[in-house]
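*Asks:* File my_file_26.tsv below, TSV, C-alpha atoms and all ligand atoms:
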```
chain	number	residue	atom	x	y	z
A	17	MET	CA	219.25	-13.42	58.91
A	18	THR	CA	220.46	-17.02	58.80
A	19	GLU	CA	220.06	-19.46	61.62
A	20	ASP	CA	223.13	-21.08	63.03
A	21	PRO	CA	222.79	-24.67	61.70
A	22	ILE	CA	224.54	-26.24	64.71
A	23	GLU	CA	222.41	-24.38	67.23
A	24	TYR	CA	219.32	-25.29	65.22
A	25	SER	CA	220.07	-29.03	65.15
A	26	ILE	CA	220.71	-29.08	68.92
A	27	ASN	CA	217.30	-27.51	69.46
A	28	ILE	CA	215.63	-30.09	67.24
A	29	ASP	CA	217.40	-32.94	69.05
A	30	GLN	CA	216.34	-31.52	72.40
A	31	GLN	CA	212.77	-31.18	71.22
A	32	LEU	CA	212.67	-34.79	69.98
A	33	ALA	CA	214.22	-36.04	73.23
A	34	ASP	CA	211.72	-34.02	75.28
A	35	GLU	CA	208.81	-35.52	73.35
A	36	ARG	CA	210.18	-39.04	73.74
A	37	TYR	CA	210.55	-38.63	77.52
A	38	MET	CA	207.13	-37.02	77.81
A	39	GLN	CA	205.71	-40.06	76.01
A	40	LEU	CA	207.14	-42.21	78.82
A	41	ALA	CA	205.58	-39.93	81.43
A	42	LEU	CA	202.27	-40.30	79.55
A	43	THR	CA	202.38	-44.11	79.86
A	44	LEU	CA	202.72	-43.67	83.65
A	45	ALA	CA	199.75	-41.29	83.58
A	46	GLN	CA	197.78	-43.97	81.70
A	47	GLU	CA	198.66	-46.53	84.38
A	48	ALA	CA	197.42	-44.11	87.05
A	49	ALA	CA	194.12	-43.72	85.17
A	50	LEU	CA	193.66	-47.50	85.04
A	51	ALA	CA	194.10	-47.55	88.83
A	52	GLY	CA	191.36	-44.90	89.18
A	53	GLU	CA	193.75	-42.06	90.02
A	54	VAL	CA	193.86	-38.68	88.29
A	55	PRO	CA	196.20	-39.45	85.36
A	56	VAL	CA	199.50	-37.67	85.91
A	57	GLY	CA	202.88	-39.29	85.25
A	58	ALA	CA	206.47	-38.18	85.82
A	59	ILE	CA	210.00	-39.39	85.12
A	60	VAL	CA	213.49	-38.20	86.10
A	61	VAL	CA	216.28	-38.38	83.52
A	62	LYS	CA	220.02	-38.10	84.06
A	63	ASP	CA	222.53	-38.28	81.17
A	64	GLY	CA	219.86	-39.74	78.90
A	65	VAL	CA	218.92	-42.51	81.35
A	66	VAL	CA	215.55	-42.74	83.12
A	67	ILE	CA	216.40	-43.02	86.84
A	68	GLY	CA	213.01	-42.30	88.39
A	69	ARG	CA	209.36	-43.04	87.58
A	70	GLY	CA	206.16	-42.05	89.28
A	71	GLY	CA	202.42	-42.09	88.79
A	72	ASN	CA	199.83	-40.15	90.75
A	73	SER	CA	198.45	-42.36	93.56
A	74	PRO	CA	197.02	-40.38	96.53
A	75	ILE	CA	193.73	-42.33	96.64
A	76	ASP	CA	195.24	-45.81	96.67
A	77	THR	CA	198.04	-44.91	99.11
A	78	HIS	CA	195.89	-42.68	101.39
A	79	ASP	CA	198.63	-40.12	100.96
A	80	PRO	CA	197.92	-36.51	99.96
A	81	THR	CA	201.58	-36.10	98.97
A	82	ALA	CA	201.58	-39.06	96.54
A	83	HIS	CA	201.78	-36.94	93.41
A	84	ALA	CA	203.61	-38.29	90.34
A	85	GLU	CA	206.52	-35.84	90.73
A	86	ILE	CA	207.11	-36.77	94.39
A	87	ALA	CA	207.09	-40.49	93.50
A	88	ALA	CA	209.54	-39.94	90.60
A	89	LEU	CA	211.86	-37.80	92.77
A	90	ARG	CA	211.86	-40.44	95.54
A	91	ASP	CA	212.58	-43.21	93.05
A	92	ALA	CA	215.44	-41.25	91.43
A	93	ALA	CA	216.99	-40.24	94.78
A	94	LYS	CA	216.90	-43.85	95.94
A	95	ASN	CA	218.54	-45.03	92.71
A	96	LEU	CA	221.25	-42.36	92.92
A	97	GLY	CA	221.75	-42.75	96.66
A	98	ASN	CA	221.52	-38.99	96.98
A	99	TYR	CA	218.67	-36.64	97.86
A	100	ARG	CA	220.17	-34.03	95.55
A	101	LEU	CA	219.37	-34.81	91.96
A	102	VAL	CA	222.09	-32.71	90.35
A	103	ASP	CA	222.08	-32.44	86.52
A	104	CYS	CA	218.72	-34.19	86.29
A	105	SER	CA	215.61	-33.31	84.32
A	106	LEU	CA	212.08	-33.99	85.50
A	107	TYR	CA	209.32	-34.60	82.94
A	108	VAL	CA	205.72	-34.43	84.09
A	109	THR	CA	202.48	-34.48	82.11
A	110	LEU	CA	200.85	-31.69	84.17
A	111	GLU	CA	202.18	-28.41	85.55
A	112	PRO	CA	203.44	-29.07	89.11
A	113	CYS	CA	201.53	-27.80	92.16
A	114	ALA	CA	203.15	-25.74	94.96
A	115	MET	CA	204.17	-28.85	96.92
A	116	CYS	CA	205.84	-30.50	93.94
A	117	THR	CA	207.50	-27.27	92.78
A	118	GLY	CA	209.02	-27.00	96.28
A	119	ALA	CA	210.21	-30.61	96.15
A	120	ILE	CA	211.72	-30.07	92.67
A	121	GLN	CA	213.66	-27.11	94.07
A	122	HIS	CA	214.80	-29.05	97.16
A	123	ALA	CA	216.04	-31.84	94.88
A	124	ARG	CA	218.04	-29.29	92.82
A	125	ILE	CA	216.46	-30.46	89.57
A	126	ALA	CA	218.19	-28.57	86.74
A	127	ARG	CA	215.43	-28.75	84.18
A	128	LEU	CA	211.67	-29.17	84.47
A	129	VAL	CA	209.62	-30.06	81.40
A	130	TYR	CA	205.85	-30.24	81.68
A	131	GLY	CA	203.01	-30.90	79.28
A	132	ALA	CA	199.62	-29.37	80.07
A	133	SER	CA	199.12	-26.24	82.17
A	134	ASP	CA	197.02	-26.49	85.32
A	135	PRO	CA	194.84	-23.41	85.79
A	136	LYS	CA	193.62	-24.72	89.18
A	137	THR	CA	196.80	-25.58	91.08
A	138	GLY	CA	199.74	-24.89	88.73
A	139	ALA	CA	202.63	-23.26	90.59
A	140	CYS	CA	204.92	-22.68	87.59
A	141	GLY	CA	203.02	-19.76	86.12
A	142	SER	CA	199.31	-20.64	85.99
A	143	VAL	CA	198.19	-19.75	89.54
A	144	VAL	CA	201.51	-18.63	91.02
A	145	ASN	CA	205.05	-18.87	89.71
A	146	LEU	CA	207.31	-20.23	92.42
A	147	MET	CA	209.95	-21.01	89.80
A	148	ALA	CA	210.33	-17.31	89.04
A	149	GLU	CA	210.61	-16.20	92.69
A	150	PRO	CA	214.05	-14.55	92.95
A	151	LYS	CA	214.17	-14.99	96.75
A	152	LEU	CA	214.17	-18.80	96.36
A	153	ASN	CA	217.79	-19.78	95.88
A	154	HIS	CA	217.58	-22.67	93.44
A	155	HIS	CA	216.55	-21.98	89.90
A	156	THR	CA	215.26	-24.70	87.69
A	157	GLU	CA	214.95	-24.10	83.95
A	158	VAL	CA	211.31	-24.57	82.96
A	159	PHE	CA	209.92	-25.71	79.59
A	160	SER	CA	206.19	-26.09	79.11
A	161	GLY	CA	203.78	-27.28	76.45
A	162	VAL	CA	205.60	-30.48	75.42
A	163	LEU	CA	202.88	-32.84	74.06
A	164	ALA	CA	200.44	-30.51	75.85
A	165	ASN	CA	197.44	-31.77	73.83
A	166	GLU	CA	198.07	-35.44	74.63
A	167	CYS	CA	198.79	-34.63	78.30
A	168	GLY	CA	195.60	-32.57	78.59
A	169	ALA	CA	193.46	-35.07	76.63
A	170	ILE	CA	194.16	-37.96	79.00
A	171	LEU	CA	192.93	-35.78	81.90
A	172	SER	CA	189.77	-34.57	80.14
A	173	GLU	CA	188.98	-38.13	79.04
A	174	PHE	CA	189.42	-39.37	82.64
A	175	PHE	CA	187.06	-36.74	84.07
A	176	LYS	CA	184.56	-37.31	81.25
A	177	GLN	CA	184.43	-41.06	82.03
A	178	LYS	CA	184.07	-40.26	85.72
A	179	ARG	CA	181.08	-38.00	85.05
A	180	LEU	CA	179.48	-40.66	82.85
A	181	LYS	CA	179.77	-43.26	85.61
A	182	LYS	CA	177.89	-41.05	88.08
B	201	ZN	ZN	201.95	-31.89	93.02
```
Please, can you express the file's structure as structure tokens?

*Replies:*
Amino acid sequence: MTEDPIEYSINIDQQLADERYMQLALTLAQEAALAGEVPVGAIVVKDGVVIGRGGNSPIDTHDPTAHAEIAALRDAAKNLGNYRLVDCSLYVTLEPCAMCTGAIQHARIARLVYGASDPKTGACGSVVNLMAEPKLNHHTEVFSGVLANECGAILSEFFKQKRLKK
């Protein structure tokens, strides 16, 4: 069997683009860590342009909903002047929780790309899979494991430092 060379090159391009965008999400996660927040970062991309950015900030903002994905969705919607983020991709370093998965669906995000899995609160397959629920009417394509090691390492390092400080 031979692989279709055109199909193959598109996949490689997509993979490289996904890694590049995840790298941007990782820098936002790093900024969150410096601010003492659990390091998670997210960006929204439309037609190759970053239109939304967000870092996790519930402690600083006294806001339990201040997850990176919510911040990135709000930023993107403001920039587009539309609460529906049609044809957009969301990149996040950690698997979204139930709240964020719901928000991603409400925003009509076409494609979700996440790095590390979250066995404690992940709602895209780890604890529950709200993205695979056929009764929910919007379906977002989900890709996981992009720069998963880097995305997971920044979290383990953060919690390690936290334990050392105690
Ligand atoms: Zn969340």

*Asks:* Excluding same-chain residues fewer than 5 positions from Ile120 of chain A, what lies within 9 Å of it counting only C-alpha atoms, as a PyMOL selection string?

*Replies:* chain A and resi 85-86+89+106+115+125-126+128+156

*Asks:* I want to know what sits within 7 Å of Gly71 of chain A, based on all atoms listed in the file, with residues of the same chain fewer than 6 positions away left out; could you give that as a PDB file with C-alpha atoms, in the coordinates of the input?

*Replies:*
```pdb
ATOM      1  CA  LEU A  44     202.720 -43.670  83.650  1.00  0.00           C
ATOM      2  CA  ALA A  45     199.750 -41.290  83.580  1.00  0.00           C
ATOM      3  CA  ALA A  48     197.420 -44.110  87.050  1.00  0.00           C
ATOM      4  CA  VAL A  56     199.500 -37.670  85.910  1.00  0.00           C
ATOM      5  CA  GLY A  57     202.880 -39.290  85.250  1.00  0.00           C
ATOM      6  CA  ALA A  58     206.470 -38.180  85.820  1.00  0.00           C
ATOM      7  CA  HIS A  83     201.780 -36.940  93.410  1.00  0.00           C
ATOM      8  CA  ALA A  84     203.610 -38.290  90.340  1.00  0.00           C
ATOM      9  CA  ALA A  87     207.090 -40.490  93.500  1.00  0.00           C
TER      10      ALA A  87
END
```

*Asks:* Applying 12 Å and only C-alpha atoms, which residues near Ile170 of chain A remain after dropping the ones on its own chain fewer than 5 positions away? List them as a list in words.

*Replies:*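 The contact residues come out as Ala41, Leu42, Thr43, Leu44, Ala45, Gln46, Glu47, Ala48, Ala49, Leu50, Glu53, Val54, Pro55, Val56, Gly57, Thr109, Leu110, Gly131, Ala132, Leu163, Ala164, Asn165, Phe175, Lys176 and Gln177 of chain A.
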
*Asks:* A:Glu149, A:Glu35, A:Asp134, A:Asp76: which is nearest ligand ZN 201 (chain B), counting all atoms listed in the file?

*Replies:* A:Asp134

*Asks:* Between A:Gly141, A:Gly52, A:Gly64, A:Gly161, which has the minimum distance to Cys104 of chain A (counting only C-alpha atoms)?

*Replies:*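 Ranked by minimum distance to Cys104 of chain A, first place goes to A:Gly64.
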
*Asks:* Just checking: using only C-alpha atoms and all ligand atoms, which residue out of A:Ala139, A:Val158, A:Ser133, A:Pro112 ends up closest to ligand ZN 201 (chain B)?

*Replies:*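 Among the listed residues, A:Pro112 lies closest to ligand ZN 201 (chain B).
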
*Asks:* Since the input lacks atoms, please generate N, CA and C atoms for segment 142-174 of chain A and provide them as a short mmCIF file (atom, residue, chain, number, x, y, z; two decimals), in the coordinates of the input.

*Replies:*
```cif
data_model
loop_
_atom_site.label_atom_id
_atom_site.label_comp_id
_atom_site.auth_asym_id
_atom_site.auth_seq_id
_atom_site.Cartn_x
_atom_site.Cartn_y
_atom_site.Cartn_z
N SER A 142 200.76 -20.74 86.20
CA SER A 142 199.31 -20.64 85.99
C SER A 142 198.58 -19.94 87.14
N VAL A 143 198.83 -20.39 88.39
CA VAL A 143 198.19 -19.75 89.54
C VAL A 143 199.20 -18.83 90.23
N VAL A 144 200.36 -19.40 90.53
CA VAL A 144 201.51 -18.63 91.02
C VAL A 144 202.72 -19.11 90.23
N ASN A 145 203.83 -18.39 90.36
CA ASN A 145 205.05 -18.87 89.71
C ASN A 145 206.20 -18.92 90.71
N LEU A 146 206.25 -20.06 91.41
CA LEU A 146 207.31 -20.23 92.42
C LEU A 146 208.68 -20.41 91.77
N MET A 147 208.68 -20.81 90.50
CA MET A 147 209.95 -21.01 89.80
C MET A 147 210.60 -19.67 89.44
N ALA A 148 209.80 -18.62 89.44
CA ALA A 148 210.33 -17.31 89.04
C ALA A 148 210.58 -16.42 90.26
N GLU A 149 210.43 -16.99 91.46
CA GLU A 149 210.61 -16.20 92.69
C GLU A 149 212.10 -16.00 92.97
N PRO A 150 212.61 -14.78 92.81
CA PRO A 150 214.05 -14.55 92.95
C PRO A 150 214.59 -14.82 94.35
N LYS A 151 213.70 -14.77 95.37
CA LYS A 151 214.17 -14.99 96.75
C LYS A 151 214.44 -16.47 97.03
N LEU A 152 213.89 -17.37 96.19
CA LEU A 152 214.17 -18.80 96.36
C LEU A 152 215.51 -19.07 95.67
N ASN A 153 216.41 -19.77 96.39
CA ASN A 153 217.79 -19.78 95.88
C ASN A 153 218.11 -20.77 94.77
N HIS A 154 217.26 -21.78 94.56
CA HIS A 154 217.58 -22.67 93.44
C HIS A 154 216.71 -22.35 92.23
N HIS A 155 217.34 -22.26 91.09
CA HIS A 155 216.55 -21.98 89.90
C HIS A 155 216.60 -23.09 88.89
N THR A 156 215.43 -23.61 88.63
CA THR A 156 215.26 -24.70 87.69
C THR A 156 214.81 -24.08 86.36
N GLU A 157 215.41 -24.54 85.27
CA GLU A 157 214.95 -24.10 83.95
C GLU A 157 213.60 -24.75 83.68
N VAL A 158 212.65 -24.01 83.17
CA VAL A 158 211.31 -24.57 82.96
C VAL A 158 210.92 -24.51 81.49
N PHE A 159 210.44 -25.65 80.96
CA PHE A 159 209.92 -25.71 79.59
C PHE A 159 208.51 -26.27 79.66
N SER A 160 207.57 -25.61 79.03
CA SER A 160 206.19 -26.09 79.11
C SER A 160 205.62 -26.36 77.72
N GLY A 161 204.51 -27.06 77.71
CA GLY A 161 203.78 -27.28 76.45
C GLY A 161 204.26 -28.45 75.62
N VAL A 162 205.14 -29.32 76.19
CA VAL A 162 205.60 -30.48 75.42
C VAL A 162 204.49 -31.55 75.42
N LEU A 163 204.02 -31.92 74.23
CA LEU A 163 202.88 -32.84 74.06
C LEU A 163 201.68 -32.39 74.91
N ALA A 164 201.50 -31.08 74.99
CA ALA A 164 200.44 -30.51 75.85
C ALA A 164 199.06 -31.07 75.50
N ASN A 165 198.76 -31.26 74.21
CA ASN A 165 197.44 -31.77 73.83
C ASN A 165 197.20 -33.18 74.35
N GLU A 166 198.19 -34.05 74.16
CA GLU A 166 198.07 -35.44 74.63
C GLU A 166 197.95 -35.47 76.16
N CYS A 167 198.78 -34.65 76.83
CA CYS A 167 198.79 -34.63 78.30
C CYS A 167 197.47 -34.10 78.85
N GLY A 168 196.87 -33.13 78.16
CA GLY A 168 195.60 -32.57 78.59
C GLY A 168 194.46 -33.52 78.26
N ALA A 169 194.55 -34.20 77.09
CA ALA A 169 193.46 -35.07 76.63
C ALA A 169 193.23 -36.24 77.58
N ILE A 170 194.31 -36.80 78.10
CA ILE A 170 194.16 -37.96 79.00
C ILE A 170 193.43 -37.55 80.28
N LEU A 171 193.64 -36.29 80.72
CA LEU A 171 192.93 -35.78 81.90
C LEU A 171 191.46 -35.52 81.59
N SER A 172 191.19 -34.87 80.46
CA SER A 172 189.77 -34.57 80.14
C SER A 172 188.99 -35.86 79.93
N GLU A 173 189.64 -36.84 79.28
CA GLU A 173 188.98 -38.13 79.04
C GLU A 173 188.65 -38.82 80.38
N PHE A 174 189.60 -38.76 81.32
CA PHE A 174 189.42 -39.37 82.64
C PHE A 174 188.22 -38.75 83.37
#
```
